[in-house]
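Single-structure report; data block below.
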Amino acid sequence: MTAEPTARELVDRFGRMTADGRFQTLRLLVPGKGDSPVLEPFLLSTANDTAEDDLVRVEAVRAIPLLDFAEPALVDRCREALHRLAREDDDWDVRNAAGCVVFDLPGAENSVDPIRAVLAAEPEEFVRANVSAALNLFLRRQR
């Protein structure tokens, strides 16, 4: 049985994998203690890479809440990146994922107003419905 790759090994070999391999790697990602400083820039870069397969980008977005957010600046960077993706990305799948998972980050209450603004401008009904559901679920949990 081989050991799971370290975060650094994953990042180093990611570009040599097929799109399906990159997708599966991100889908099965379980960050270890201390991996967040390596994984945060990698996940944000992958999520923002418009040349990357959209399913890989979505999995990078979905992996962001798995990071260890002990450092407040890390959660702030991730939150702002997710807001930007939800607001500006050309791919509706990525906007959808970013708008939903931002509510899985610590301090998600800081996303309520920015995501409401995203919803007001979102052209895709599917994205509006999903992100609105994520927002409403978050708000119900806060009561």
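Chain labels A, B, ... are given in the sequence in which chains occur in the structure tokens; within each chain residues are numbered consecutively from 1, and ligands are likewise numbered from 1 in the order shown.
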
Task: Residues within 12 Å of A:Glu71, only C-alpha atoms, excluding chain neighbours under 4 positions, as a PyMOL selection string - done: chain A and resi 34+36-37+40+67+75-78+106

Residues as selected, C-alpha atoms, written as an mmCIF file, in the first residue's frame, can you do that?
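Result file is selection.cif:
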```cif
data_model
loop_
_atom_site.group_PDB
_atom_site.id
_atom_site.type_symbol
_atom_site.label_atom_id
_atom_site.label_comp_id
_atom_site.auth_asym_id
_atom_site.auth_seq_id
_atom_site.Cartn_x
_atom_site.Cartn_y
_atom_site.Cartn_z
ATOM 1 C CA GLY A 34 0.005 22.084 7.915
ATOM 2 C CA SER A 36 -3.014 24.851 3.977
ATOM 3 C CA PRO A 37 -0.087 27.186 3.168
ATOM 4 C CA GLU A 40 -4.399 27.597 -0.594
ATOM 5 C CA LEU A 67 -8.334 24.032 4.439
ATOM 6 C CA VAL A 75 -9.912 32.747 5.160
ATOM 7 C CA ASP A 76 -10.134 36.364 4.017
ATOM 8 C CA ARG A 77 -8.149 35.612 0.839
ATOM 9 C CA CYS A 78 -10.277 32.562 0.094
ATOM 10 C CA PRO A 106 -15.557 30.506 8.819
#
```

- [ ] From the DSSP assignment of the backbone, select every residue of stretch 81-127 of chain A that is helix (DSSP H, G or I), and format the answer as a ChimeraX atom specification.
- [x] /A:81-88,92-104,108-121,125-127

Once you count only C-alpha atoms, what closest atom pair and distance in Å to one decimal does each residue of stretch 102-128 of chain A within 9 Å of stretch 86-97 of chain A have, with rows by chain and rising residue number, as CSV?
```
residue,atom,partner,partner_atom,distance
A:Val102,CA,A:Ala97,CA,8.5
A:Pro114,CA,A:Arg87,CA,8.9
A:Ile115,CA,A:Ala86,CA,7.9
A:Ala117,CA,A:Arg87,CA,8.4
A:Val118,CA,A:Arg87,CA,5.4
A:Leu119,CA,A:Arg87,CA,8.5
A:Ala121,CA,A:Arg87,CA,8.0
A:Glu122,CA,A:Arg87,CA,7.7
A:Glu124,CA,A:Trp92,CA,7.3
A:Phe126,CA,A:Asn96,CA,8.2
A:Val127,CA,A:Asn96,CA,5.1
A:Arg128,CA,A:Asn96,CA,8.0
```

- [ ] Do a neighbour search on A:Val11 at 12 Å with only C-alpha atoms, toss out local chain neighbours closer than 5 positions, and write the hits as a PyMOL selection string.
- [x] chain A and resi 5-6+16-17+22+25-26+29+35+37-43+45-46

Create the file for the chosen residues now, containing all heavy atoms and written as a compact mmCIF listing (two decimals), in the first residue's frame.
```txt
# COMPACT_ATOMS: atom_id res chain seq x y z
N PRO A 5 0.04 11.04 -1.24
CA PRO A 5 1.05 12.07 -1.53
C PRO A 5 0.90 13.26 -0.60
O PRO A 5 -0.19 13.58 -0.13
CB PRO A 5 0.73 12.48 -2.97
CG PRO A 5 -0.70 12.14 -3.17
CD PRO A 5 -0.96 10.94 -2.30
N THR A 6 2.02 13.91 -0.32
CA THR A 6 1.97 15.12 0.47
C THR A 6 1.36 16.23 -0.39
O THR A 6 1.26 16.10 -1.62
CB THR A 6 3.37 15.56 0.91
OG1 THR A 6 4.13 15.91 -0.26
CG2 THR A 6 4.08 14.46 1.69
N ARG A 16 1.08 17.28 -14.64
CA ARG A 16 1.41 16.12 -15.49
C ARG A 16 0.29 15.10 -15.55
O ARG A 16 0.38 14.12 -16.28
CB ARG A 16 2.71 15.47 -15.00
CG ARG A 16 3.93 16.38 -15.13
CD ARG A 16 5.23 15.67 -14.79
NE ARG A 16 5.25 15.05 -13.48
CZ ARG A 16 5.65 15.64 -12.35
NH1 ARG A 16 6.04 16.89 -12.37
NH2 ARG A 16 5.66 14.98 -11.21
N MET A 17 -0.77 15.33 -14.79
CA MET A 17 -1.90 14.41 -14.76
C MET A 17 -2.87 14.74 -15.90
O MET A 17 -2.90 15.85 -16.41
CB MET A 17 -2.67 14.55 -13.44
CG MET A 17 -1.93 14.14 -12.22
SD MET A 17 -3.00 14.46 -10.78
CE MET A 17 -1.89 14.04 -9.47
N ARG A 22 -6.60 14.91 -12.51
CA ARG A 22 -6.64 16.13 -11.69
C ARG A 22 -7.99 16.24 -10.96
O ARG A 22 -8.04 16.55 -9.78
CB ARG A 22 -6.38 17.36 -12.56
CG ARG A 22 -4.97 17.41 -13.11
CD ARG A 22 -4.63 18.72 -13.79
NE ARG A 22 -5.52 19.11 -14.87
CZ ARG A 22 -5.41 18.75 -16.14
NH1 ARG A 22 -4.42 17.96 -16.50
NH2 ARG A 22 -6.27 19.19 -17.05
N THR A 25 -8.11 13.62 -8.17
CA THR A 25 -7.20 14.00 -7.09
C THR A 25 -7.84 15.06 -6.21
O THR A 25 -7.79 14.98 -4.97
CB THR A 25 -5.87 14.50 -7.66
OG1 THR A 25 -5.24 13.41 -8.34
CG2 THR A 25 -4.95 15.01 -6.59
N LEU A 26 -8.44 16.06 -6.82
CA LEU A 26 -9.09 17.11 -6.04
C LEU A 26 -10.34 16.60 -5.34
O LEU A 26 -10.64 16.98 -4.21
CB LEU A 26 -9.43 18.30 -6.92
CG LEU A 26 -8.22 19.10 -7.41
CD1 LEU A 26 -8.64 20.14 -8.42
CD2 LEU A 26 -7.49 19.74 -6.24
N LEU A 29 -9.25 14.80 -2.24
CA LEU A 29 -8.29 15.52 -1.41
C LEU A 29 -8.73 15.59 0.04
O LEU A 29 -9.87 15.98 0.34
CB LEU A 29 -8.10 16.94 -1.96
CG LEU A 29 -7.14 17.84 -1.21
CD1 LEU A 29 -5.72 17.30 -1.30
CD2 LEU A 29 -7.21 19.25 -1.76
N ASP A 35 -0.96 21.60 5.72
CA ASP A 35 -0.99 21.65 4.25
C ASP A 35 -1.57 22.95 3.69
O ASP A 35 -1.36 23.27 2.52
CB ASP A 35 -1.83 20.49 3.68
CG ASP A 35 -1.12 19.16 3.76
OD1 ASP A 35 0.10 19.13 4.00
OD2 ASP A 35 -1.81 18.13 3.57
N PRO A 37 -0.93 26.20 3.85
CA PRO A 37 -0.09 27.19 3.17
C PRO A 37 0.34 26.76 1.75
O PRO A 37 0.56 27.61 0.89
CB PRO A 37 1.13 27.32 4.08
CG PRO A 37 0.64 26.91 5.43
CD PRO A 37 -0.37 25.83 5.16
N VAL A 38 0.42 25.47 1.51
CA VAL A 38 0.76 24.96 0.18
C VAL A 38 -0.49 24.88 -0.69
O VAL A 38 -0.47 25.26 -1.87
CB VAL A 38 1.43 23.57 0.27
CG1 VAL A 38 1.62 22.95 -1.09
CG2 VAL A 38 2.76 23.67 1.01
N LEU A 39 -1.57 24.40 -0.11
CA LEU A 39 -2.79 24.16 -0.89
C LEU A 39 -3.59 25.42 -1.22
O LEU A 39 -4.20 25.49 -2.28
CB LEU A 39 -3.69 23.17 -0.16
CG LEU A 39 -3.16 21.74 -0.10
CD1 LEU A 39 -4.10 20.86 0.73
CD2 LEU A 39 -3.00 21.17 -1.50
N GLU A 40 -3.59 26.40 -0.34
CA GLU A 40 -4.40 27.60 -0.59
C GLU A 40 -4.05 28.27 -1.92
O GLU A 40 -4.93 28.45 -2.77
CB GLU A 40 -4.29 28.57 0.57
CG GLU A 40 -5.08 29.85 0.35
CD GLU A 40 -4.23 31.09 0.32
OE1 GLU A 40 -3.05 31.03 0.71
OE2 GLU A 40 -4.76 32.13 -0.10
N PRO A 41 -2.78 28.64 -2.16
CA PRO A 41 -2.49 29.28 -3.45
C PRO A 41 -2.72 28.35 -4.63
O PRO A 41 -3.16 28.78 -5.70
CB PRO A 41 -1.03 29.72 -3.34
CG PRO A 41 -0.47 28.97 -2.19
CD PRO A 41 -1.61 28.58 -1.31
N PHE A 42 -2.46 27.07 -4.44
CA PHE A 42 -2.67 26.08 -5.50
C PHE A 42 -4.15 25.97 -5.86
O PHE A 42 -4.53 26.00 -7.03
CB PHE A 42 -2.11 24.73 -5.05
CG PHE A 42 -2.59 23.57 -5.85
CD1 PHE A 42 -2.15 23.37 -7.15
CD2 PHE A 42 -3.49 22.66 -5.32
CE1 PHE A 42 -2.60 22.30 -7.91
CE2 PHE A 42 -3.96 21.59 -6.06
CZ PHE A 42 -3.51 21.41 -7.35
N LEU A 43 -5.02 25.84 -4.86
CA LEU A 43 -6.45 25.71 -5.11
C LEU A 43 -7.02 26.98 -5.73
O LEU A 43 -7.82 26.92 -6.68
CB LEU A 43 -7.20 25.36 -3.83
CG LEU A 43 -6.94 23.97 -3.26
CD1 LEU A 43 -7.60 23.82 -1.89
CD2 LEU A 43 -7.40 22.88 -4.22
N SER A 45 -5.40 29.22 -7.48
CA SER A 45 -4.86 29.32 -8.84
C SER A 45 -5.60 28.39 -9.79
O SER A 45 -5.97 28.77 -10.90
CB SER A 45 -3.37 29.01 -8.84
OG SER A 45 -2.86 28.97 -10.13
N THR A 46 -5.82 27.16 -9.35
CA THR A 46 -6.53 26.18 -10.18
C THR A 46 -7.96 26.64 -10.43
O THR A 46 -8.46 26.56 -11.56
CB THR A 46 -6.52 24.79 -9.51
OG1 THR A 46 -5.16 24.39 -9.31
CG2 THR A 46 -7.22 23.76 -10.35
```

TODO: Kindly give the distance, in Å, that separates atom CA of A:Asp104 and atom CA of A:Val61, rounded to a single decimal.
DONE: 11.2 Å
